[in-house]
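Undergrad: Sharing a structure, written as structure tokens. Questions coming.
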Amino acid sequence: MKPTQDLIEFHDLAPPQERFLDAVLEGFGRPQKQIPCKFLYDQRGSELFEEICELPEYYPTRTEMALLERYRADMAAAIGPYCQLIEFGSGASRKVRLLLDALDRPGAYVAVDISKVLLRQSAVALARDYPELDVVAICADYTREFPLPPPGAGMRVAFFPGSTIGNFTPAEAEHFLANCARTLRGGGAMLIGVDLKKNPSVLHAAYNDSLGVTADFNLNLLTRINRELGGDFDLDRFRHLAFYNDARGRIEIYIESLREQTVAVAGRKFHLGKGERIHTEDSCKYSVDEFRSLAQRSGFIPSAVWVDGQGLFSLHLLRAR
Ligand code: AVJ
């Protein structure tokens with residue numbers, strides 16, 4: 001067996017630690033306290049997210065996997081041979097295997113994720129299972145620009161599953177997709193998973209699971225601040241809060257202070273009122289048509305779209321101009 005370091009090409013473009021500190025101090029200085037959701041994914045956070053994906057109430061992962069399994073031959077035919085597949089937020093690289101198994105002689109797989117240990121492990125495991133494939137792992141914050149390996153003989157295809165696009169506001173999503181469209185221009189495409197608008201009670205259950213895994217995932221952010229930034233949060237004084245904002249078509253996730261208290265982060269003190277919230281994540285939902293128009297405004301040509309029988313989740317193939 002080849003030694004691990006020869007199986008994949010690894011690029012460490014991980015953001016420096018002071019970015020987390022700056023983001024927390026800046027976010028706590030705002031009238032609506034906030035922490036960008038990308039910081040949820042430390043080692044423990046990534047593990048908890050993988051657990052969320054298995055929860056009975058959390059339909060997106062299961063539904064998207066079933067869509068991939070059912071329609072991957074059509075997707076692969078639309079993509080063509082030798083593609084360079086680039087996945088944003090590759091996590092455990094589970095979904096991409098379904099696609100790789102259907103693609104015609106894929107040339108390369110580029111996994112991009114912010115969680116370094118999970119990324120390396122998953123990329124190595126994938127390279128073992130796909131010996132013909134060039135596997136490149138890039139540890140980076142993909143909301144910022146970063147260099148990609150040159151495309152090979154086939155189409156450059158971005159794979160962005162999970163409805164992670166929903167973490168952006170629609171304006172940010174348009175900006176992000178416009179950047180992708182530029183990277184993919186000249187024959188590239190994007191296969192993107194988008195969670196659909198639906199009965200809010202289904203959404204509510206998905207983000208307030210009965211085992212409390214989502215709550216642990218959210219509150220782990222405070223544990224991370226305690227450990228990495230010298231914080232003194234007492235987790236018993238906070239609770240997870242998630243609800244659907246109908247006007248904005250999104251699930252909003254907060255950490256709520258259960259009492260009036262003062263917390264310290266890196267030697268700075270912050271006051272929290274009883275019931276005051278720290279905004280930690282948004283998860284925007286779209287109708288098929290809303291998302292197709294957004295993609296079009298970003299410079300893509302919306303091509304095929306696949307939706308499950310219950311109308312829960314969608315996968316869109318977008319072509320770059
Ligand atoms: C990874 C952003 C798609 O919004 O559903 C799941 C993250 N947060 N439960 C989502 C998440 C709480 C997830 N995304």
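Lettering and numbering for the structure tokens are positional, with chains as A, B, ... in the shown order, residues counted from 1 in each chain, and ligands counted from 1 in the shown order.
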Check every protein, DNA and RNA residue against ligand 1, keep those with an atom at most 7 Å away (counting only C-alpha atoms and all ligand atoms), and present them as a PyMOL selection string.
TA: chain A and resi 49+52+162-164+166-167+207+214+282-283
Undergrad: Run DSSP on the backbone and grab whatever in region 170-244 of chain A lands in strand (DSSP E or B); send it over as a PyMOL selection string.
TA: chain A and resi 189-196+238-244
Undergrad: Would you list the contacts of Asp246 (chain A) as a PyMOL selection string, taking every protein, DNA or RNA residue within 10 Å and counting only C-alpha atoms, but skipping same-chain residues closer than 5 positions in sequence?
TA: chain A and resi 197+200+251+285
Undergrad: Could you please determine the separation between CA of Lys274 (chain A) and CA of Asp236 (chain A) in Å, to one decimal place?
TA: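 A separation of 13.4 Å between them.
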Undergrad: Could you pull the residues within 6 Å of Tyr109 (chain A), counting only C-alpha atoms, minus those fewer than 2 positions along the same chain, as a compact mmCIF listing (two decimals) with N, CA and C atoms, in the first residue's frame?
TA:
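Listed below is the output, result_3.txt:
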```txt
# COMPACT_ATOMS: atom_id res chain seq x y z
N GLN A 84 -13.12 17.21 -13.83
CA GLN A 84 -12.44 17.55 -12.58
C GLN A 84 -13.54 18.00 -11.62
N LEU A 85 -13.77 17.19 -10.61
CA LEU A 85 -14.87 17.44 -9.68
C LEU A 85 -14.34 18.17 -8.46
N ILE A 86 -14.89 19.35 -8.18
CA ILE A 86 -14.43 20.16 -7.04
C ILE A 86 -15.57 20.26 -6.04
N VAL A 135 -6.55 12.67 -6.32
CA VAL A 135 -7.28 13.30 -5.21
C VAL A 135 -6.45 14.44 -4.64
```
Undergrad: Each residue of region 192-229 of chain A lying at most 10 Å from region 150-160 of chain A should get a row with its shortest atom-to-atom pair and the distance in Å to one decimal, counting only C-alpha atoms; could you produce that, ordered by chain and increasing number, as a Markdown table?
TA:
```
| residue | atom | partner | partner_atom | distance |
| --- | --- | --- | --- | --- |
| A:Ile192 | CA | A:Phe160 | CA | 4.6 |
| A:Gly193 | CA | A:Phe160 | CA | 6.3 |
| A:Val194 | CA | A:Phe160 | CA | 9.1 |
```
Undergrad: Could you save the residues just selected, with all heavy atoms, as a compact mmCIF listing (two decimals), in the first residue's frame?
TA:
```txt
# COMPACT_ATOMS: atom_id res chain seq x y z
N ILE A 192 -25.57 21.45 -7.55
CA ILE A 192 -25.76 22.06 -6.23
C ILE A 192 -27.06 21.61 -5.58
O ILE A 192 -28.11 21.56 -6.23
CB ILE A 192 -25.67 23.62 -6.36
CG1 ILE A 192 -25.87 24.31 -5.01
CG2 ILE A 192 -26.65 24.17 -7.40
CD1 ILE A 192 -25.49 25.79 -5.02
N GLY A 193 -26.96 21.26 -4.31
CA GLY A 193 -28.13 20.82 -3.54
C GLY A 193 -28.77 22.00 -2.84
O GLY A 193 -28.07 22.79 -2.21
N VAL A 194 -30.09 22.11 -2.96
CA VAL A 194 -30.80 23.25 -2.38
C VAL A 194 -32.04 22.75 -1.64
O VAL A 194 -32.91 22.10 -2.23
CB VAL A 194 -31.23 24.24 -3.50
CG1 VAL A 194 -31.92 25.46 -2.89
CG2 VAL A 194 -30.03 24.67 -4.33
```
Undergrad: List every residue of region 73-199 of chain A that DSSP, applied to the backbone, labels as helix (DSSP H, G or I), and write the result as a VMD selection string.
TA: chain A and resid 73 to 79 95 to 102 116 to 129 164 to 167 170 to 183
Undergrad: Take the residues from that selection and put them in a file with N, CA and C atoms, as a compact mmCIF listing (two decimals), in the first residue's frame.
TA:
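result_24.txt, freshly written:
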```txt
# COMPACT_ATOMS: atom_id res chain seq x y z
N ALA A 73 -27.08 8.54 -12.96
CA ALA A 73 -26.73 8.21 -14.35
C ALA A 73 -27.06 9.40 -15.25
N ASP A 74 -28.20 10.04 -15.02
CA ASP A 74 -28.56 11.24 -15.80
C ASP A 74 -27.58 12.37 -15.53
N MET A 75 -27.21 12.53 -14.27
CA MET A 75 -26.27 13.59 -13.91
C MET A 75 -24.93 13.35 -14.59
N ALA A 76 -24.46 12.10 -14.52
CA ALA A 76 -23.17 11.75 -15.11
C ALA A 76 -23.19 11.96 -16.62
N ALA A 77 -24.30 11.63 -17.26
CA ALA A 77 -24.41 11.80 -18.71
C ALA A 77 -24.34 13.29 -19.06
N ALA A 78 -24.96 14.13 -18.23
CA ALA A 78 -24.94 15.57 -18.49
C ALA A 78 -23.55 16.15 -18.26
N ILE A 79 -22.77 15.52 -17.40
CA ILE A 79 -21.43 16.03 -17.06
C ILE A 79 -20.37 15.56 -18.06
N LYS A 95 -21.23 11.76 0.06
CA LYS A 95 -22.15 11.92 -1.08
C LYS A 95 -21.43 11.80 -2.41
N VAL A 96 -20.21 12.33 -2.45
CA VAL A 96 -19.50 12.39 -3.72
C VAL A 96 -19.21 11.00 -4.28
N ARG A 97 -19.14 10.02 -3.40
CA ARG A 97 -18.87 8.65 -3.86
C ARG A 97 -19.99 8.15 -4.78
N LEU A 98 -21.22 8.54 -4.44
CA LEU A 98 -22.35 8.13 -5.28
C LEU A 98 -22.17 8.67 -6.69
N LEU A 99 -21.72 9.91 -6.75
CA LEU A 99 -21.53 10.55 -8.04
C LEU A 99 -20.32 9.95 -8.78
N LEU A 100 -19.22 9.79 -8.05
CA LEU A 100 -18.00 9.23 -8.66
C LEU A 100 -18.26 7.86 -9.28
N ASP A 101 -19.10 7.07 -8.60
CA ASP A 101 -19.38 5.73 -9.10
C ASP A 101 -20.13 5.75 -10.43
N ALA A 102 -20.81 6.85 -10.70
CA ALA A 102 -21.61 6.94 -11.93
C ALA A 102 -20.86 7.66 -13.05
N LYS A 116 -9.67 20.41 9.05
CA LYS A 116 -8.45 19.80 8.51
C LYS A 116 -8.34 18.30 8.71
N VAL A 117 -8.60 17.84 9.93
CA VAL A 117 -8.41 16.42 10.24
C VAL A 117 -9.41 15.57 9.46
N LEU A 118 -10.67 15.98 9.51
CA LEU A 118 -11.71 15.25 8.78
C LEU A 118 -11.40 15.24 7.28
N LEU A 119 -10.96 16.38 6.76
CA LEU A 119 -10.64 16.50 5.33
C LEU A 119 -9.54 15.52 4.94
N ARG A 120 -8.46 15.52 5.71
CA ARG A 120 -7.33 14.66 5.36
C ARG A 120 -7.72 13.18 5.42
N GLN A 121 -8.39 12.81 6.52
CA GLN A 121 -8.82 11.40 6.67
C GLN A 121 -9.73 10.97 5.53
N SER A 122 -10.70 11.83 5.23
CA SER A 122 -11.69 11.47 4.23
C SER A 122 -11.08 11.39 2.84
N ALA A 123 -10.15 12.31 2.55
CA ALA A 123 -9.52 12.33 1.23
C ALA A 123 -8.63 11.10 1.05
N VAL A 124 -7.92 10.73 2.10
CA VAL A 124 -7.05 9.54 2.03
C VAL A 124 -7.90 8.28 1.83
N ALA A 125 -8.99 8.19 2.61
CA ALA A 125 -9.87 7.01 2.48
C ALA A 125 -10.45 6.93 1.07
N LEU A 126 -10.81 8.08 0.52
CA LEU A 126 -11.39 8.09 -0.82
C LEU A 126 -10.34 7.71 -1.87
N ALA A 127 -9.11 8.22 -1.71
CA ALA A 127 -8.05 7.90 -2.66
C ALA A 127 -7.74 6.40 -2.67
N ARG A 128 -7.83 5.78 -1.49
CA ARG A 128 -7.63 4.33 -1.40
C ARG A 128 -8.68 3.59 -2.22
N ASP A 129 -9.93 4.07 -2.11
CA ASP A 129 -11.05 3.39 -2.76
C ASP A 129 -11.15 3.69 -4.26
N THR A 164 -25.71 23.78 1.66
CA THR A 164 -24.83 24.71 2.35
C THR A 164 -24.99 26.12 1.78
N ILE A 165 -25.40 26.22 0.53
CA ILE A 165 -25.67 27.53 -0.09
C ILE A 165 -26.66 28.32 0.76
N GLY A 166 -27.52 27.60 1.52
CA GLY A 166 -28.51 28.25 2.37
C GLY A 166 -27.93 29.02 3.54
N ASN A 167 -26.66 28.78 3.85
CA ASN A 167 -26.01 29.55 4.91
C ASN A 167 -25.75 31.00 4.50
N PRO A 170 -29.51 35.47 0.36
CA PRO A 170 -29.63 35.40 -1.11
C PRO A 170 -28.63 36.31 -1.83
N ALA A 171 -28.36 37.50 -1.29
CA ALA A 171 -27.40 38.40 -1.94
C ALA A 171 -25.99 37.81 -1.90
N GLU A 172 -25.62 37.24 -0.76
CA GLU A 172 -24.29 36.60 -0.66
C GLU A 172 -24.21 35.37 -1.56
N ALA A 173 -25.30 34.62 -1.63
CA ALA A 173 -25.34 33.42 -2.47
C ALA A 173 -25.12 33.81 -3.93
N GLU A 174 -25.74 34.91 -4.34
CA GLU A 174 -25.59 35.37 -5.72
C GLU A 174 -24.14 35.74 -6.00
N HIS A 175 -23.53 36.41 -5.04
CA HIS A 175 -22.13 36.82 -5.17
C HIS A 175 -21.21 35.59 -5.23
N PHE A 176 -21.46 34.63 -4.33
CA PHE A 176 -20.65 33.40 -4.30
C PHE A 176 -20.80 32.63 -5.62
N LEU A 177 -22.04 32.49 -6.08
CA LEU A 177 -22.28 31.75 -7.33
C LEU A 177 -21.66 32.48 -8.52
N ALA A 178 -21.69 33.81 -8.49
CA ALA A 178 -21.08 34.57 -9.59
C ALA A 178 -19.58 34.29 -9.66
N ASN A 179 -18.94 34.20 -8.49
CA ASN A 179 -17.51 33.84 -8.46
C ASN A 179 -17.29 32.44 -9.01
N CYS A 180 -18.17 31.51 -8.62
CA CYS A 180 -18.07 30.13 -9.14
C CYS A 180 -18.24 30.13 -10.65
N ALA A 181 -19.23 30.87 -11.13
CA ALA A 181 -19.50 30.91 -12.57
C ALA A 181 -18.27 31.39 -13.33
N ARG A 182 -17.56 32.32 -12.72
CA ARG A 182 -16.33 32.83 -13.36
C ARG A 182 -15.26 31.74 -13.39
N THR A 183 -15.09 31.04 -12.27
CA THR A 183 -14.10 29.96 -12.19
C THR A 183 -14.43 28.84 -13.19
```
Undergrad: Give me, as an mmCIF file with C-alpha atoms, in the first residue's frame, all polymer residues having an atom no more than 12 Å from region 4-18 of chain A, counting only C-alpha atoms and skipping those fewer than 3 positions away in the same chain.
TA:
```
data_model
loop_
_atom_site.group_PDB
_atom_site.id
_atom_site.type_symbol
_atom_site.label_atom_id
_atom_site.label_comp_id
_atom_site.auth_asym_id
_atom_site.auth_seq_id
_atom_site.Cartn_x
_atom_site.Cartn_y
_atom_site.Cartn_z
ATOM 1 C CA MET A 1 0.000 0.000 0.000
ATOM 2 C CA LEU A 21 -10.842 35.872 17.566
ATOM 3 C CA ASP A 22 -11.448 38.884 15.306
ATOM 4 C CA ALA A 23 -14.786 37.471 14.157
ATOM 5 C CA VAL A 24 -16.009 36.838 17.710
ATOM 6 C CA LEU A 25 -14.882 40.234 19.049
ATOM 7 C CA GLU A 26 -16.341 42.017 16.049
ATOM 8 C CA LYS A 38 -18.246 28.542 9.488
ATOM 9 C CA PHE A 39 -16.775 28.531 13.015
ATOM 10 C CA ASP A 42 -14.103 22.580 14.582
ATOM 11 C CA ALA A 108 -9.662 14.387 -10.498
ATOM 12 C CA TYR A 109 -11.472 15.038 -7.255
ATOM 13 C CA VAL A 110 -10.650 18.235 -5.384
ATOM 14 C CA ALA A 111 -12.032 18.254 -1.834
ATOM 15 C CA VAL A 112 -12.239 21.641 -0.135
ATOM 16 C CA ASP A 113 -13.075 21.874 3.565
ATOM 17 C CA ILE A 114 -12.254 24.001 6.591
ATOM 18 C CA SER A 115 -12.029 21.021 8.970
ATOM 19 C CA LYS A 116 -8.449 19.805 8.508
ATOM 20 C CA VAL A 117 -8.414 16.422 10.244
ATOM 21 C CA LEU A 119 -10.637 16.503 5.331
ATOM 22 C CA ARG A 120 -7.326 14.656 5.364
ATOM 23 C CA GLN A 121 -8.817 11.401 6.671
ATOM 24 C CA SER A 122 -11.694 11.468 4.230
ATOM 25 C CA ALA A 123 -9.521 12.329 1.229
ATOM 26 C CA VAL A 124 -7.054 9.545 2.026
ATOM 27 C CA ALA A 125 -9.868 7.012 2.482
ATOM 28 C CA LEU A 126 -11.385 8.094 -0.820
ATOM 29 C CA ALA A 127 -8.046 7.901 -2.660
ATOM 30 C CA ARG A 128 -7.627 4.326 -1.405
ATOM 31 C CA ASP A 129 -11.048 3.388 -2.764
ATOM 32 C CA TYR A 130 -10.571 5.175 -6.115
ATOM 33 C CA PRO A 131 -6.977 4.325 -7.138
ATOM 34 C CA GLU A 132 -7.401 5.756 -10.658
ATOM 35 C CA LEU A 133 -8.494 9.157 -9.396
ATOM 36 C CA ASP A 134 -6.200 12.135 -8.657
ATOM 37 C CA VAL A 135 -7.282 13.299 -5.213
ATOM 38 C CA VAL A 136 -6.415 16.808 -4.056
ATOM 39 C CA ALA A 137 -7.421 18.073 -0.608
ATOM 40 C CA ILE A 138 -7.447 21.796 0.095
ATOM 41 C CA CYS A 139 -8.024 23.006 3.629
ATOM 42 C CA ALA A 140 -9.493 26.462 3.035
ATOM 43 C CA ASP A 141 -12.340 28.830 3.788
ATOM 44 C CA TYR A 142 -14.070 28.645 0.428
ATOM 45 C CA THR A 143 -16.018 31.851 1.095
ATOM 46 C CA ARG A 144 -12.737 33.557 0.172
ATOM 47 C CA GLU A 145 -10.713 33.172 -3.016
ATOM 48 C CA PHE A 146 -8.191 30.345 -3.141
ATOM 49 C CA PRO A 147 -6.200 28.729 -5.967
ATOM 50 C CA LEU A 148 -7.488 25.577 -7.699
ATOM 51 C CA PRO A 149 -5.407 23.019 -9.601
ATOM 52 C CA ARG A 224 -14.724 26.236 21.219
ATOM 53 C CA ILE A 225 -14.497 29.877 22.325
ATOM 54 C CA GLU A 228 -9.380 28.450 21.820
ATOM 55 C CA LEU A 229 -10.021 32.046 22.853
ATOM 56 C CA ALA A 266 -9.725 36.892 25.424
#
```
Undergrad: One decimal, in Å: what's the spacing between CA of Cys83 (chain A) and CA of Asp104 (chain A)?
TA: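 It comes out at 8.2 Å.
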Undergrad: Residues at most 7 Å from Arg321 (chain A), counting only C-alpha atoms, excluding those fewer than 6 positions away in the same chain, as a compact mmCIF listing (two decimals) with N, CA, C and O atoms, in the first residue's frame?
TA:
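Below you can see around.txt, which holds the result:
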```
# COMPACT_ATOMS: atom_id res chain seq x y z
N ARG A 185 -16.14 29.11 -16.08
CA ARG A 185 -16.54 29.56 -17.44
C ARG A 185 -15.80 28.77 -18.51
O ARG A 185 -14.74 28.21 -18.27
N GLY A 186 -16.42 28.71 -19.68
CA GLY A 186 -15.83 27.96 -20.77
C GLY A 186 -16.14 26.48 -20.67
O GLY A 186 -15.26 25.64 -20.85
N GLY A 187 -17.38 26.15 -20.34
CA GLY A 187 -17.80 24.75 -20.41
C GLY A 187 -17.96 24.03 -19.10
O GLY A 187 -18.30 22.85 -19.08
N GLY A 299 -25.07 34.42 -13.37
CA GLY A 299 -24.30 34.14 -14.58
C GLY A 299 -24.30 32.69 -15.00
O GLY A 299 -23.55 32.31 -15.89
N PHE A 300 -25.13 31.88 -14.37
CA PHE A 300 -25.26 30.48 -14.79
C PHE A 300 -26.47 30.31 -15.70
O PHE A 300 -27.40 31.12 -15.68
N ILE A 301 -26.44 29.25 -16.48
CA ILE A 301 -27.62 28.84 -17.24
C ILE A 301 -28.22 27.64 -16.51
O ILE A 301 -27.62 26.56 -16.50
```
Undergrad: Contacts of Leu235 (chain A) at 12 Å or less, counting only C-alpha atoms, minus same-chain residues fewer than 5 places along, as a short mmCIF file (atom, residue, chain, number, x, y, z; two decimals) with C-alpha atoms, in the first residue's frame?
TA:
```cif
data_model
loop_
_atom_site.label_atom_id
_atom_site.label_comp_id
_atom_site.auth_asym_id
_atom_site.auth_seq_id
_atom_site.Cartn_x
_atom_site.Cartn_y
_atom_site.Cartn_z
CA ALA A 215 -28.42 22.00 20.27
CA ASP A 216 -25.05 20.43 21.12
CA ASN A 218 -24.77 24.98 18.16
CA LEU A 219 -23.61 25.31 21.80
CA ASN A 220 -20.26 23.66 20.93
CA LEU A 221 -19.36 27.08 19.53
CA LEU A 222 -19.18 28.35 23.13
CA THR A 223 -17.00 25.38 24.12
CA ARG A 224 -14.72 26.24 21.22
CA ILE A 225 -14.50 29.88 22.32
CA ASN A 226 -13.69 28.74 25.88
CA HIS A 240 -30.20 26.54 21.52
CA ILE A 255 -27.72 30.84 21.19
CA GLU A 256 -29.96 32.46 23.82
CA SER A 257 -28.77 33.73 27.18
CA LEU A 258 -30.96 32.29 29.96
CA ARG A 259 -30.14 35.13 32.34
CA VAL A 263 -18.88 36.80 29.79
#
```
Undergrad: Within 8 Å of region 302-308 of chain A, which residues of region 54-165 of chain A show up? Give each one with its shortest atom-to-atom distance in Å (one decimal) and the two atoms involved, counting only C-alpha atoms, rows by chain then rising residue number, as a tab-separated table.
TA:
```
residue	atom	partner	partner_atom	distance
A:Thr63	CA	A:Asp308	CA	7.1
A:Leu67	CA	A:Asp308	CA	6.5
A:Tyr71	CA	A:Trp306	CA	7.7
```
Undergrad: Go ahead and save the picked residues with all heavy atoms, as a JSON list (two decimals), in the first residue's frame.
TA:
```json
[["chain", "number", "residue", "atom", "x", "y", "z"],
["A", 63, "THR", "N", -32.47, 12.59, 1.89],
["A", 63, "THR", "CA", -33.21, 12.88, 0.67],
["A", 63, "THR", "C", -32.26, 13.17, -0.49],
["A", 63, "THR", "O", -32.45, 12.70, -1.61],
["A", 63, "THR", "CB", -34.15, 14.08, 0.89],
["A", 63, "THR", "OG1", -34.89, 13.86, 2.09],
["A", 63, "THR", "CG2", -35.10, 14.26, -0.27],
["A", 67, "LEU", "N", -31.66, 11.09, -3.97],
["A", 67, "LEU", "CA", -31.74, 11.73, -5.29],
["A", 67, "LEU", "C", -30.49, 11.40, -6.11],
["A", 67, "LEU", "O", -30.57, 11.11, -7.31],
["A", 67, "LEU", "CB", -31.85, 13.26, -5.15],
["A", 67, "LEU", "CG", -33.22, 13.84, -4.82],
["A", 67, "LEU", "CD1", -33.10, 15.34, -4.57],
["A", 67, "LEU", "CD2", -34.21, 13.57, -5.95],
["A", 71, "TYR", "N", -30.76, 9.35, -9.60],
["A", 71, "TYR", "CA", -30.60, 10.08, -10.87],
["A", 71, "TYR", "C", -29.15, 10.27, -11.30],
["A", 71, "TYR", "O", -28.86, 11.02, -12.23],
["A", 71, "TYR", "CB", -31.28, 11.46, -10.76],
["A", 71, "TYR", "CG", -32.76, 11.36, -10.53],
["A", 71, "TYR", "CD1", -33.31, 11.76, -9.32],
["A", 71, "TYR", "CD2", -33.60, 10.87, -11.53],
["A", 71, "TYR", "CE1", -34.69, 11.66, -9.10],
["A", 71, "TYR", "CE2", -34.97, 10.77, -11.32],
["A", 71, "TYR", "CZ", -35.51, 11.16, -10.10],
["A", 71, "TYR", "OH", -36.85, 11.06, -9.90]]
```
Undergrad: Taking only C-alpha atoms into account, name the residue in A:Pro161, A:Gly45, A:Pro56, A:Gly275 that is nearest to His316 (chain A).
TA: A:Pro161
